[in-house]
file structure36.txt (compact mmCIF, C-alpha atoms)
# COMPACT_ATOMS: atom_id res chain seq x y z
CA MET A 220 -30.52 20.95 22.43
CA THR A 221 -27.83 19.39 20.27
CA THR A 222 -26.47 16.16 21.64
CA LEU A 223 -23.12 14.53 20.96
CA THR A 224 -25.03 12.00 18.84
CA ASP A 225 -26.46 14.81 16.69
CA ARG A 226 -22.98 16.18 16.11
CA TYR A 227 -21.61 12.72 15.37
CA VAL A 228 -24.35 11.87 12.86
CA TYR A 229 -23.99 15.30 11.24
CA ALA A 230 -20.24 14.81 10.82
CA ALA A 231 -20.70 11.35 9.30
CA LEU A 232 -23.53 12.32 6.93
CA ARG A 233 -21.74 15.39 5.68
CA ALA A 234 -19.17 13.05 4.12
CA LEU A 235 -21.82 10.96 2.34
CA PRO A 236 -23.59 11.42 -1.01
CA GLU A 237 -26.92 13.24 -0.67
CA GLN A 238 -29.23 10.40 -1.72
CA GLN A 239 -27.80 7.92 0.79
CA ARG A 240 -28.09 10.23 3.78
CA PRO A 241 -31.68 9.71 5.02
CA ASP A 242 -31.47 5.92 5.09
CA ILE A 243 -28.05 5.78 6.72
CA GLU A 244 -29.01 8.49 9.24
CA ARG A 245 -32.09 6.58 10.34
CA GLU A 246 -30.17 3.33 10.75
CA LEU A 247 -27.14 4.94 12.41
CA ARG A 248 -29.29 6.79 14.94
CA GLY A 249 -31.18 3.59 15.69
CA SER A 250 -27.97 1.62 16.17
CA ILE A 251 -26.48 4.28 18.45
CA ALA A 252 -29.69 4.43 20.51
CA ASP A 253 -29.75 0.63 20.81
CA ALA A 254 -26.16 0.55 22.01
CA VAL A 255 -26.78 3.38 24.49
CA ASP A 256 -29.88 1.60 25.82
CA ALA A 257 -27.88 -1.59 26.35
CA ARG A 258 -25.36 0.36 28.42
CA LEU A 259 -28.11 2.11 30.41
CA GLU A 260 -29.64 -1.25 31.25
CA ALA A 261 -26.25 -2.34 32.52
CA GLY A 262 -26.42 0.62 34.91
CA GLU A 263 -24.17 3.22 33.25
CA PRO A 264 -25.09 6.90 33.61
CA GLU A 265 -26.63 8.32 30.41
CA GLU A 266 -23.96 10.80 29.42
CA GLN A 267 -21.17 8.30 29.96
CA ALA A 268 -23.01 5.67 27.93
CA GLU A 269 -23.40 7.99 24.94
CA ARG A 270 -19.76 8.98 25.06
CA ALA A 271 -18.62 5.37 25.21
CA VAL A 272 -20.80 4.30 22.27
CA LEU A 273 -19.68 7.17 20.03
CA THR A 274 -16.02 6.68 20.97
CA GLU A 275 -16.29 3.03 20.00
CA LEU A 276 -17.73 3.96 16.62
CA GLY A 277 -14.63 6.07 15.99
CA ASP A 278 -13.94 8.87 13.53
CA PRO A 279 -17.28 9.64 11.79
CA VAL A 280 -15.58 10.51 8.49
CA ARG A 281 -13.83 7.13 8.52
CA LEU A 282 -17.17 5.43 9.21
CA ALA A 283 -18.78 7.33 6.32
CA ALA A 284 -15.93 6.28 4.01
CA GLU A 285 -16.51 2.66 5.01
CA TYR A 286 -20.20 3.03 4.21
CA VAL A 287 -19.56 4.09 0.63
CA ASP A 288 -16.30 2.16 0.08
CA ARG A 289 -14.32 5.32 -0.43
CA PRO A 290 -10.52 4.83 -0.31
CA LEU A 291 -8.79 6.35 2.70
CA TYR A 292 -5.52 6.83 0.85
CA LEU A 293 -4.31 9.06 -1.95
CA LEU A 294 -2.85 6.34 -4.21
CA GLY A 295 -3.57 2.65 -3.79
CA PRO A 296 -1.31 -0.30 -4.55
CA ASP A 297 -2.88 -0.71 -8.01
CA VAL A 298 -1.64 2.59 -9.37
CA PHE A 299 1.32 3.27 -7.08
CA LEU A 300 4.00 1.65 -9.27
CA ASP A 301 2.74 3.34 -12.45
CA TRP A 302 2.76 6.67 -10.62
CA TRP A 303 6.30 6.12 -9.33
CA ARG A 304 7.70 5.01 -12.70
CA LEU A 305 6.12 7.87 -14.62
CA LEU A 306 7.31 10.38 -12.04
CA LYS A 307 10.89 9.12 -12.27
CA VAL A 308 10.87 9.37 -16.07
CA LEU A 309 9.32 12.84 -16.01
CA LEU A 310 11.79 14.19 -13.46
CA ALA A 311 14.75 12.62 -15.27
CA VAL A 312 13.73 13.99 -18.68
CA VAL A 313 11.99 17.29 -18.03
CA LEU A 314 14.18 18.72 -15.23
CA PRO A 315 17.54 18.58 -17.05
CA THR A 316 15.91 19.83 -20.27
CA VAL A 317 14.36 22.84 -18.56
CA VAL A 318 17.53 23.67 -16.61
CA PHE A 319 19.61 23.41 -19.77
CA ALA A 320 17.22 25.67 -21.69
CA VAL A 321 17.12 28.25 -18.89
CA VAL A 322 20.91 28.35 -18.56
CA LEU A 323 21.34 28.64 -22.31
CA ALA A 324 18.75 31.41 -22.62
CA ASN A 325 20.31 33.41 -19.77
CA LEU A 326 23.77 32.89 -21.18
CA ILE A 327 22.65 34.34 -24.50
CA ALA A 328 20.93 37.21 -22.70
CA GLY A 329 24.19 37.92 -20.86
CA THR A 330 22.93 37.43 -17.28
CA PRO A 331 25.75 37.36 -14.67
CA ALA A 332 26.81 33.92 -13.39
CA GLY A 333 25.22 34.21 -9.92
CA GLY A 334 21.92 35.21 -11.46
CA ILE A 335 21.94 32.23 -13.83
CA VAL A 336 22.58 29.74 -11.01
CA GLY A 337 19.85 31.30 -8.85
CA THR A 338 17.31 31.35 -11.68
CA ALA A 339 18.15 27.77 -12.69
CA ILE A 340 17.72 26.46 -9.12
CA GLY A 341 14.47 28.39 -8.66
CA ILE A 342 12.97 27.15 -11.92
CA ALA A 343 14.18 23.57 -11.33
CA LEU A 344 12.46 23.55 -7.94
CA SER A 345 9.20 24.97 -9.23
CA VAL A 346 9.16 22.59 -12.23
CA ALA A 347 9.81 19.63 -9.89
CA VAL A 348 6.96 20.68 -7.59
CA HIS A 349 4.60 21.09 -10.55
CA LEU A 350 5.55 17.71 -12.00
CA VAL A 351 4.99 15.90 -8.71
CA PHE A 352 1.77 17.74 -7.94
CA TRP A 353 0.00 17.33 -11.29
CA THR A 354 1.11 13.72 -11.79
CA THR A 355 -0.10 12.83 -8.30
CA LEU A 356 -3.38 14.68 -8.86
CA VAL A 357 -4.11 12.78 -12.09
CA PHE A 358 -3.29 9.46 -10.45
CA ALA A 359 -5.42 10.26 -7.40
CA LEU A 360 -8.35 10.97 -9.78
CA VAL A 361 -7.70 7.68 -11.63
CA GLU A 362 -7.63 5.92 -8.25
CA ARG A 363 -11.07 7.34 -7.44
CA THR A 364 -12.80 7.05 -10.80
CA ALA A 365 -11.42 4.04 -12.72
CA PRO A 366 -13.34 0.94 -11.63
CA GLU A 367 -10.81 -1.58 -13.00
CA LYS A 368 -7.22 -0.62 -12.40
CA ARG A 369 -4.79 -3.49 -12.22
CA GLY A 370 -2.03 -1.13 -13.24
CA LEU A 371 -2.49 1.08 -16.27
CA ALA A 372 -0.81 -1.37 -18.64
CA PRO A 373 -0.79 -5.04 -17.64
CA TRP A 374 2.60 -6.23 -16.52
CA THR A 375 4.28 -8.64 -18.94
CA LEU A 376 7.57 -10.52 -18.96
CA GLU A 377 8.86 -8.15 -21.64
CA ARG A 378 9.03 -5.45 -18.98
CA LEU A 379 11.74 -7.28 -17.02
CA PRO A 380 14.99 -5.30 -16.98
CA GLN A 381 18.06 -6.68 -18.79
CA MET A 382 20.70 -8.32 -16.62
CA PRO A 383 23.93 -6.32 -16.60
CA THR A 384 25.95 -8.59 -18.89
CA ALA A 385 29.11 -8.22 -20.96
CA LYS A 386 26.84 -7.38 -23.87
CA GLY A 387 25.83 -4.24 -22.00
CA ARG A 388 29.43 -3.31 -21.42
CA LEU A 389 30.24 -3.84 -25.08
CA ALA A 390 27.90 -0.91 -25.64
CA ASP A 391 30.02 0.96 -23.06
CA VAL A 392 33.17 0.20 -25.05
CA ILE A 393 31.60 1.42 -28.27
CA ALA A 394 30.19 4.57 -26.64
CA THR A 395 33.50 5.38 -24.96
CA THR A 396 35.47 4.84 -28.16
CA VAL A 397 33.11 6.93 -30.27
CA PHE A 398 33.13 9.73 -27.69
CA ALA A 399 36.92 9.69 -27.34
CA VAL A 400 37.51 9.76 -31.10
CA ILE A 401 35.01 12.59 -31.59
CA ALA A 402 36.46 14.60 -28.66
CA VAL A 403 40.07 14.25 -29.80
CA GLY A 404 39.00 14.84 -33.42
CA ALA A 405 37.27 18.05 -32.39
CA LEU A 406 40.35 19.15 -30.46
CA VAL A 407 42.49 18.78 -33.58
CA TRP A 408 39.81 20.13 -35.90
CA GLN A 409 39.35 23.41 -33.98
CA GLN A 410 43.06 24.12 -34.48
CA PHE A 411 43.14 23.64 -38.24
CA SER A 412 39.62 24.41 -39.37
CA SER A 413 37.83 26.75 -36.99
CA VAL A 414 34.51 28.42 -37.79
CA PHE A 415 36.31 31.80 -37.69
CA THR A 416 39.27 32.95 -39.74
CA ASP A 417 41.52 35.98 -39.28
CA ASP A 418 42.26 38.65 -41.89
CA SER A 419 44.82 36.49 -43.64
CA GLY A 420 42.34 33.60 -43.86
CA ALA A 421 44.05 31.50 -41.17
CA PRO A 422 41.64 29.73 -38.78
CA ILE A 423 41.17 31.14 -35.27
CA PRO A 424 41.22 28.20 -32.86
CA LEU A 425 39.02 28.03 -29.75
CA PHE A 426 41.81 26.82 -27.47
CA GLU A 427 45.03 28.70 -26.88
CA PRO A 428 47.48 27.35 -29.54
CA ALA A 429 50.39 27.64 -27.10
CA LEU A 430 48.86 24.78 -25.12
CA TRP A 431 49.80 22.35 -27.88
CA SER A 432 53.29 22.29 -26.39
CA PHE A 433 51.98 20.10 -23.56
CA TRP A 434 48.44 20.45 -22.20
CA LEU A 435 46.30 19.74 -25.25
CA PRO A 436 48.16 16.50 -26.11
CA TYR A 437 47.95 15.60 -22.40
CA PHE A 438 44.15 15.97 -22.46
CA ALA A 439 43.92 14.02 -25.71
CA VAL A 440 45.89 11.12 -24.20
CA LEU A 441 43.67 11.14 -21.09
CA ILE A 442 40.53 11.04 -23.20
CA LEU A 443 41.89 8.16 -25.29
CA ALA A 444 42.90 6.34 -22.08
CA GLU A 445 39.19 5.88 -21.36
CA ILE A 446 39.09 3.28 -24.12
CA PRO A 447 41.39 0.66 -22.50
CA ILE A 448 39.45 1.04 -19.23
CA ALA A 449 36.17 0.21 -20.96
CA VAL A 450 37.84 -2.67 -22.82
CA ALA A 451 39.25 -4.00 -19.54
CA ALA A 452 35.79 -3.91 -17.94
CA TRP A 453 34.36 -5.71 -20.95
CA CYS A 454 37.10 -8.42 -20.95
CA THR A 455 36.90 -9.23 -17.23
CA GLY A 456 33.12 -9.16 -17.49
CA ARG A 457 32.77 -6.85 -14.54
CA TYR A 458 33.49 -3.34 -13.51
CA THR A 459 35.82 -3.67 -10.51
CA THR A 460 36.46 -1.28 -7.66
CA ARG A 461 39.98 -0.84 -9.04
CA LEU A 462 38.61 0.32 -12.40
CA ALA A 463 36.30 2.70 -10.55
CA TRP A 464 39.29 4.24 -8.74
CA ILE A 465 41.25 4.51 -11.99
CA ASN A 466 38.21 6.29 -13.38
CA VAL A 467 38.28 8.72 -10.44
CA ALA A 468 42.02 9.35 -11.03
CA GLN A 469 41.39 10.04 -14.71
CA ASN A 470 38.66 12.50 -13.87
CA VAL A 471 40.85 14.35 -11.38
CA LEU A 472 43.83 14.38 -13.74
CA PHE A 473 41.57 15.88 -16.38
CA ALA A 474 39.46 18.33 -14.42
CA VAL A 475 42.09 19.89 -12.15
CA PRO A 476 44.49 21.15 -14.89
CA ALA A 477 41.57 22.06 -17.16
CA LEU A 478 39.90 24.23 -14.51
CA TRP A 479 43.24 25.70 -13.47
CA LEU A 480 43.95 26.73 -17.09
CA LEU A 481 40.42 28.09 -17.29
CA PHE A 482 40.76 30.23 -14.16
CA THR A 483 44.17 31.55 -15.13
CA GLU A 484 42.67 32.53 -18.52
CA ARG A 485 45.05 30.36 -20.48
CA LEU A 486 42.64 27.75 -21.82
CA PHE A 487 40.82 29.71 -24.51
CA ALA A 488 42.22 31.90 -27.26
CA ALA A 489 41.03 35.45 -26.65
CA ALA A 490 40.94 36.04 -30.41
CA PHE A 491 38.17 33.45 -30.79
CA PHE A 492 35.79 35.37 -28.54
CA GLU A 493 36.66 38.64 -30.25
CA ALA A 494 35.72 37.02 -33.57
CA LEU A 495 32.53 35.73 -31.94
CA GLY A 496 31.66 39.31 -31.02
CA GLN A 497 31.84 38.52 -27.29
CA PRO A 498 35.30 39.72 -26.22
CA GLY A 499 36.17 39.01 -22.60
CA LEU A 500 33.95 35.93 -22.36
CA ASP A 501 37.07 33.94 -21.41
CA ASP A 502 37.63 36.31 -18.49
CA ALA A 503 37.90 34.35 -15.22
CA ARG A 504 34.79 36.09 -13.84
CA SER A 505 32.59 35.72 -16.91
CA PRO A 506 29.35 33.68 -16.71
CA LEU A 507 30.71 31.28 -19.34
CA VAL A 508 33.57 30.30 -17.04
CA ALA A 509 31.13 29.80 -14.13
CA VAL A 510 28.87 27.61 -16.25
CA ILE A 511 31.77 25.56 -17.62
CA THR A 512 33.07 25.08 -14.08
CA ALA A 513 29.64 24.00 -12.79
CA VAL A 514 29.04 21.61 -15.71
CA THR A 515 32.56 20.15 -15.48
CA LEU A 516 32.29 19.56 -11.74
CA GLY A 517 28.83 18.05 -12.23
CA ILE A 518 30.04 15.65 -14.91
CA VAL A 519 33.18 14.71 -12.97
CA VAL A 520 31.29 13.98 -9.75
CA TRP A 521 28.60 12.04 -11.58
CA ASP A 522 31.12 10.02 -13.59
CA CYS A 523 33.05 9.08 -10.42
CA VAL A 524 29.86 8.07 -8.59
CA ASP A 525 28.62 6.21 -11.66
CA GLY A 526 31.81 4.13 -11.65
CA PHE A 527 31.06 2.85 -8.16
CA LEU A 528 27.39 2.36 -9.00
CA LYS A 529 28.50 0.15 -11.90
CA VAL A 530 30.61 -1.90 -9.48
CA ARG A 531 27.58 -2.42 -7.27
CA ARG A 532 25.18 -3.17 -10.14
CA THR A 533 27.39 -5.65 -11.94
CA GLY A 534 29.35 -6.91 -8.93
CA PRO A 535 28.50 -10.61 -8.73
CA VAL A 536 27.37 -11.09 -12.32
CA ARG A 537 29.81 -12.90 -14.59
CA ALA A 538 30.17 -12.41 -18.30
CA GLU A 539 29.63 -16.13 -19.00
CA ALA A 540 25.91 -15.49 -18.59
CA VAL A 541 25.80 -14.22 -22.19
CA MET B 153 5.36 -14.39 20.88
CA ASP B 154 4.70 -10.74 20.22
CA ASP B 155 1.05 -9.97 21.08
CA ASP B 156 0.60 -7.58 18.15
CA LEU B 157 2.02 -10.14 15.77
CA LEU B 158 -0.32 -12.83 17.08
CA SER B 159 -3.45 -10.69 16.98
CA GLY B 160 -2.51 -9.46 13.51
CA HIS B 161 -2.29 -13.00 12.16
CA LEU B 162 -5.42 -14.13 13.98
CA GLN B 163 -7.32 -11.19 12.53
CA GLU B 164 -6.03 -12.12 9.08
CA LEU B 165 -7.21 -15.71 9.56
CA ARG B 166 -10.66 -14.63 10.76
CA ARG B 167 -11.22 -12.05 8.06
CA GLY B 168 -14.07 -13.25 5.89
CA THR B 169 -15.62 -15.44 8.56
CA VAL B 170 -17.71 -12.42 9.62
CA VAL B 171 -19.43 -12.44 6.22
CA LEU B 172 -20.11 -16.15 6.60
CA ALA B 173 -21.51 -15.65 10.10
CA CYS B 174 -23.69 -12.71 9.03
CA LEU B 175 -25.21 -14.62 6.13
CA ALA B 176 -25.87 -17.60 8.40
CA LEU B 177 -27.40 -15.59 11.26
CA LEU B 178 -29.50 -13.43 8.93
CA ARG B 179 -31.41 -16.40 7.61
CA ARG B 180 -33.67 -15.11 10.37
CA PRO B 181 -34.22 -11.35 9.87
CA GLY B 182 -32.19 -9.13 12.18
CA TYR B 183 -31.14 -5.49 12.65
CA GLY B 184 -27.77 -3.88 13.21
CA TYR B 185 -27.32 -3.78 16.97
CA ALA B 186 -29.07 -7.13 17.64
CA LEU B 187 -26.86 -8.78 15.02
CA LEU B 188 -23.78 -7.27 16.68
CA GLU B 189 -24.85 -8.92 19.94
CA SER B 190 -25.66 -12.30 18.41
CA LEU B 191 -22.38 -12.34 16.45
CA ASP B 192 -20.57 -11.69 19.72
CA GLN B 193 -22.44 -14.52 21.46
CA ALA B 194 -21.83 -16.86 18.51
CA GLY B 195 -18.09 -16.30 18.91
CA PHE B 196 -17.55 -13.78 16.08
CA PRO B 197 -16.75 -10.57 17.92
CA VAL B 198 -16.83 -7.64 15.47
CA GLU B 199 -16.64 -3.87 15.86
CA ALA B 200 -19.82 -1.86 15.25
CA ASN B 201 -17.99 0.39 12.80
CA THR B 202 -17.02 -2.68 10.76
CA LEU B 203 -20.39 -4.43 10.86
CA TYR B 204 -22.70 -1.57 9.87
CA PRO B 205 -20.85 -0.66 6.66
CA LEU B 206 -20.44 -4.40 5.93
CA LEU B 207 -24.23 -4.90 6.03
CA ARG B 208 -24.62 -2.07 3.50
CA ARG B 209 -22.01 -3.62 1.22
CA LEU B 210 -23.66 -7.04 1.34
CA GLU B 211 -27.00 -5.41 0.61
CA LYS B 212 -25.50 -3.59 -2.37
CA GLN B 213 -24.11 -6.91 -3.61
CA LYS B 214 -27.67 -8.29 -3.37
CA LEU B 215 -26.59 -10.90 -0.81
CA LEU B 216 -28.88 -9.33 1.80
CA GLU B 217 -32.33 -7.84 1.46
CA SER B 218 -33.62 -5.17 3.79
CA VAL B 219 -36.92 -3.82 4.99
CA TRP B 220 -37.76 -1.03 7.41
CA ASN B 221 -39.85 -2.07 10.39
CA THR B 222 -41.72 0.90 11.85
CA ASP B 223 -44.11 -1.05 14.10
CA GLU B 224 -42.15 -0.20 17.21
CA SER B 225 -41.32 3.26 18.53
CA ARG B 226 -37.76 2.99 17.17
CA PRO B 227 -37.73 2.26 13.41
CA ARG B 228 -35.25 -0.48 12.55
CA LYS B 229 -33.77 -1.70 9.31
CA PHE B 230 -34.11 -5.48 9.19
CA TYR B 231 -31.77 -7.46 6.99
CA VAL B 232 -32.37 -10.98 5.73
CA THR B 233 -30.19 -13.27 3.61
CA SER B 234 -31.33 -13.22 -0.04
CA PRO B 235 -31.40 -16.31 -2.32
CA ASP B 236 -28.07 -15.10 -3.74
CA GLY B 237 -26.74 -14.76 -0.21
CA GLU B 238 -27.92 -18.25 0.59
CA ARG B 239 -26.02 -19.63 -2.42
CA LEU B 240 -22.89 -17.75 -1.41
CA LEU B 241 -23.26 -18.99 2.16
CA ARG B 242 -23.43 -22.60 0.96
CA ALA B 243 -20.35 -22.12 -1.22
CA LEU B 244 -18.47 -20.53 1.69
CA LEU B 245 -19.45 -23.34 4.07
CA GLU B 246 -18.36 -25.94 1.55
CA ASP B 247 -15.01 -24.20 1.18
CA TRP B 248 -14.71 -23.99 4.95
CA ASN B 249 -15.29 -27.74 5.21
CA SER B 250 -12.66 -28.54 2.63
CA LEU B 251 -10.29 -26.18 4.46
CA THR B 252 -10.95 -28.06 7.71
CA THR B 253 -10.19 -31.35 5.96
CA ALA B 254 -7.07 -29.89 4.40
CA ILE B 255 -5.87 -28.56 7.73
CA SER B 256 -6.46 -31.82 9.60
CA THR B 257 -4.60 -33.71 6.85
CA LEU B 258 -1.79 -31.25 7.28
CA ARG B 259 -1.67 -31.87 11.05
CA GLU B 260 -1.88 -35.65 10.77
CA GLY B 261 0.94 -35.54 8.24
CA ASN B 262 3.09 -33.56 10.67
CA GLU B 263 2.39 -35.83 13.62
CA GLN B 264 3.54 -38.99 11.86
call {"tool": "encode", "arguments": {"input": "structure36.txt", "output": "structure tokens"}}
result
Amino acid sequence: MTTLTDRYVYAALRALPEQQRPDIERELRGSIADAVDARLEAGEPEEQAERAVLTELGDPVRLAAEYVDRPLYLLGPDVFLDWWRLLKVLLAVVLPTVVFAVVLANLIAGTPAGGIVGTAIGIALSVAVHLVFWTTLVFALVERTAPEKRGLAPWTLERLPQMPTAKGRLADVIATTVFAVIAVGALVWQQFSSVFTDDSGAPIPLFEPALWSFWLPYFAVLILAEIPIAVAAWCTGRYTTRLAWINVAQNVLFAVPALWLLFTERLFAAAFFEALGQPGLDDARSPLVAVITAVTLGIVVWDCVDGFLKVRRTGPVRAEAV
Amino acid sequence: MDDDLLSGHLQELRRGTVVLACLALLRRPGYGYALLESLDQAGFPVEANTLYPLLRRLEKQKLLESVWNTDESRPRKFYVTSPDGERLLRALLEDWNSLTTAISTLREGNEQ
């Protein structure tokens, strides 16, 4: 007849390497029998004594793991931070790249807007799951096989992050200025020197030329207005809540008229898309319009949030630290 | 004070003393269950599921030696402190003594 002890020992041994089993089994059985005997001598009924002893020993698989020093966790503290850092980098780099490539490929293939969004979300999810799974699997194997693992690369002082100083925001000023000049330059360039020309050799602009009466200069001024904001943040040495709200206002002032012009089919010059061989791509229901809308909203929301994140990151730090 | 908090810290403080007690008691050969009992009597209560794997670990680290005794009806694995174990035990005891000194200095300093 199988006893509870037999089942317990079987469960524990099953989780042990073959060559260690006979010795541990002999000792474990002996120890259990000793403990049961002690309880019998104290006057406990046999069945109750066995139950009490085995219950005290606890989960047999846990006991077996203790015997062979096997970790009872997926990732230990030695590798956890490396796992977390690598995962963040992978997700931040690979996900946007894949989504961008998928959207671009579908756009070229002429998939309708809804289909593109669905495909992009589906692929993003599956890529994220794969990234997390395989990274975790590799790290779990490292955890179980590498004998010395004080982190994959030893931590040094060089790995300390930079303090958010005015120096950092000087880079912001330069980036903002370069972006603004390029954006406004491109706006002017597409009017006078487009990639397409009409029969008479005149350039076909991307944006509706009639918009030069007001909207295009308006956008140009808004883009250039980013520069004084960045300069102000650099001069005061911190990005204030007020600057963050001004940033939000700029985004709204830019995005709302731009999307409105886009939806009313007044933003792009129809002739440009005819020359491109894709007439009707500026139609309000075309996938291009959906993608532009999604990307614009994404950038606007992120830029607004980023403004407040900057306030929080740099809040108490003064520029004098440089 | 919170009971869990107290027992957690006490456990932390006592961790490691079980190894010291095992090495000291096993200067005279002993087997699993008997050692569990004598540890308990000596004031080092320890769970069976902690002690048995610990004995294996100490044996693997060559701090304990073992031999099977099959003279009686129930075969038992007897452990005894090895020369290496003896050296470790002496080092641990020395450290314990200097800790005791350090702690009493600490208390005298506070009482003044």
call {"tool": "interface_residues", "arguments": {"input": "structure36.txt", "of": "chain B", "to": "chain A", "cutoff": "9 Å", "atoms": "all atoms listed in the file", "output": "PDB file with C-alpha atoms, keeping the file's coordinate frame"}}
result
ATOM      1  CA  TYR B 183     -31.140  -5.490  12.650  1.00  0.00           C
ATOM      2  CA  GLY B 184     -27.770  -3.880  13.210  1.00  0.00           C
ATOM      3  CA  TYR B 185     -27.320  -3.780  16.970  1.00  0.00           C
ATOM      4  CA  ALA B 186     -29.070  -7.130  17.640  1.00  0.00           C
ATOM      5  CA  GLU B 199     -16.640  -3.870  15.860  1.00  0.00           C
ATOM      6  CA  ALA B 200     -19.820  -1.860  15.250  1.00  0.00           C
ATOM      7  CA  ASN B 201     -17.990   0.390  12.800  1.00  0.00           C
ATOM      8  CA  THR B 202     -17.020  -2.680  10.760  1.00  0.00           C
ATOM      9  CA  TYR B 204     -22.700  -1.570   9.870  1.00  0.00           C
ATOM     10  CA  PRO B 205     -20.850  -0.660   6.660  1.00  0.00           C
ATOM     11  CA  LEU B 206     -20.440  -4.400   5.930  1.00  0.00           C
ATOM     12  CA  ARG B 208     -24.620  -2.070   3.500  1.00  0.00           C
ATOM     13  CA  ARG B 209     -22.010  -3.620   1.220  1.00  0.00           C
ATOM     14  CA  ARG B 226     -37.760   2.990  17.170  1.00  0.00           C
ATOM     15  CA  PRO B 227     -37.730   2.260  13.410  1.00  0.00           C
ATOM     16  CA  ARG B 228     -35.250  -0.480  12.550  1.00  0.00           C
ATOM     17  CA  LYS B 229     -33.770  -1.700   9.310  1.00  0.00           C
TER      18      LYS B 229
END
call {"tool": "closest_residue", "arguments": {"input": "structure36.txt", "among": "B:Leu210, B:Leu244, B:Val171, B:Pro181", "to": "B:Val198", "atoms": "all atoms listed in the file"}}
result
B:Val171
call {"tool": "atom_distance", "arguments": {"input": "structure36.txt", "atom1": "atom CA of A:Leu500", "atom2": "atom CA of A:Gly341"}}
result
25.0 Å
call {"tool": "residues_around", "arguments": {"input": "structure36.txt", "residues": "B:Arg239", "least_positions_apart": "4", "cutoff": "12 Å", "atoms": "all atoms listed in the file", "output": "compact mmCIF listing (two decimals) with C-alpha atoms, in the coordinates of the input"}}
result
# COMPACT_ATOMS: atom_id res chain seq x y z
CA LEU B 172 -20.11 -16.15 6.60
CA LEU B 175 -25.21 -14.62 6.13
CA ALA B 176 -25.87 -17.60 8.40
CA ARG B 179 -31.41 -16.40 7.61
CA LYS B 214 -27.67 -8.29 -3.37
CA LEU B 215 -26.59 -10.90 -0.81
CA LEU B 216 -28.88 -9.33 1.80
CA THR B 233 -30.19 -13.27 3.61
CA SER B 234 -31.33 -13.22 -0.04
CA PRO B 235 -31.40 -16.31 -2.32
CA ALA B 243 -20.35 -22.12 -1.22
CA LEU B 244 -18.47 -20.53 1.69
CA LEU B 245 -19.45 -23.34 4.07
CA GLU B 246 -18.36 -25.94 1.55
call {"tool": "atom_distance", "arguments": {"input": "structure36.txt", "atom1": "atom CA of A:Gly526", "atom2": "atom CA of A:Pro380"}}
result
20.0 Å
call {"tool": "atom_distance", "arguments": {"input": "structure36.txt", "atom1": "atom CA of A:Thr395", "atom2": "atom CA of A:Val308"}}
result
24.6 Å
call {"tool": "residues_near_point", "arguments": {"input": "structure36.txt", "point": "(42.4, 2.2, -20.7)", "cutoff": "12 Å", "atoms": "all atoms listed in the file", "output": "list in words"}}
result
Val392, Thr395, Thr396, Ala399, Val440, Leu441, Ile442, Leu443, Ala444, Glu445, Ile446, Pro447, Ile448, Ala449, Val450, Ala451, Ala452, Trp453, Cys454, Leu462, Ala463, Ile465, Asn466 and Gln469 of chain A
call {"tool": "residues_around", "arguments": {"input": "structure36.txt", "residues": "A:Gly333", "least_positions_apart": "3", "cutoff": "10 Å", "atoms": "only C-alpha atoms", "output": "ChimeraX atom specification"}}
result
/A:330,336-339,506,509-510
call {"tool": "residues_around", "arguments": {"input": "structure36.txt", "residues": "B:Ala194", "least_positions_apart": "2", "cutoff": "12 Å", "atoms": "only C-alpha atoms", "output": "PyMOL selection string"}}
result
chain B and resi 169-170+173-174+176-177+187-192+196-198
call {"tool": "closest_residue", "arguments": {"input": "structure36.txt", "among": "B:Leu251, B:Val232, B:Leu258, B:Leu240", "to": "B:Trp220", "atoms": "all atoms listed in the file"}}
result
B:Val232
call {"tool": "closest_residue", "arguments": {"input": "structure36.txt", "among": "A:Gln381, A:Leu478, A:Val313, A:Trp521", "to": "A:His349", "atoms": "all atoms listed in the file"}}
result
A:Val313
call {"tool": "closest_residue", "arguments": {"input": "structure36.txt", "among": "A:Ala372, A:Val255, A:Ala494, A:Val467", "to": "A:Gln267", "atoms": "all atoms listed in the file"}}
result
A:Val255
call {"tool": "residues_around", "arguments": {"input": "structure36.txt", "residues": "A:Phe482", "least_positions_apart": "6", "cutoff": "12 Å", "atoms": "all atoms listed in the file", "output": "number ranges by chain"}}
result
A: 474-476, 501-505, 507-509, 511-512
call {"tool": "residues_around", "arguments": {"input": "structure36.txt", "residues": "A:Ala439", "least_positions_apart": "5", "cutoff": "10 Å", "atoms": "all atoms listed in the file", "output": "JSON, numbers by chain"}}
result
{"A": [399, 400, 402, 403, 404, 406, 407, 434, 444, 473]}
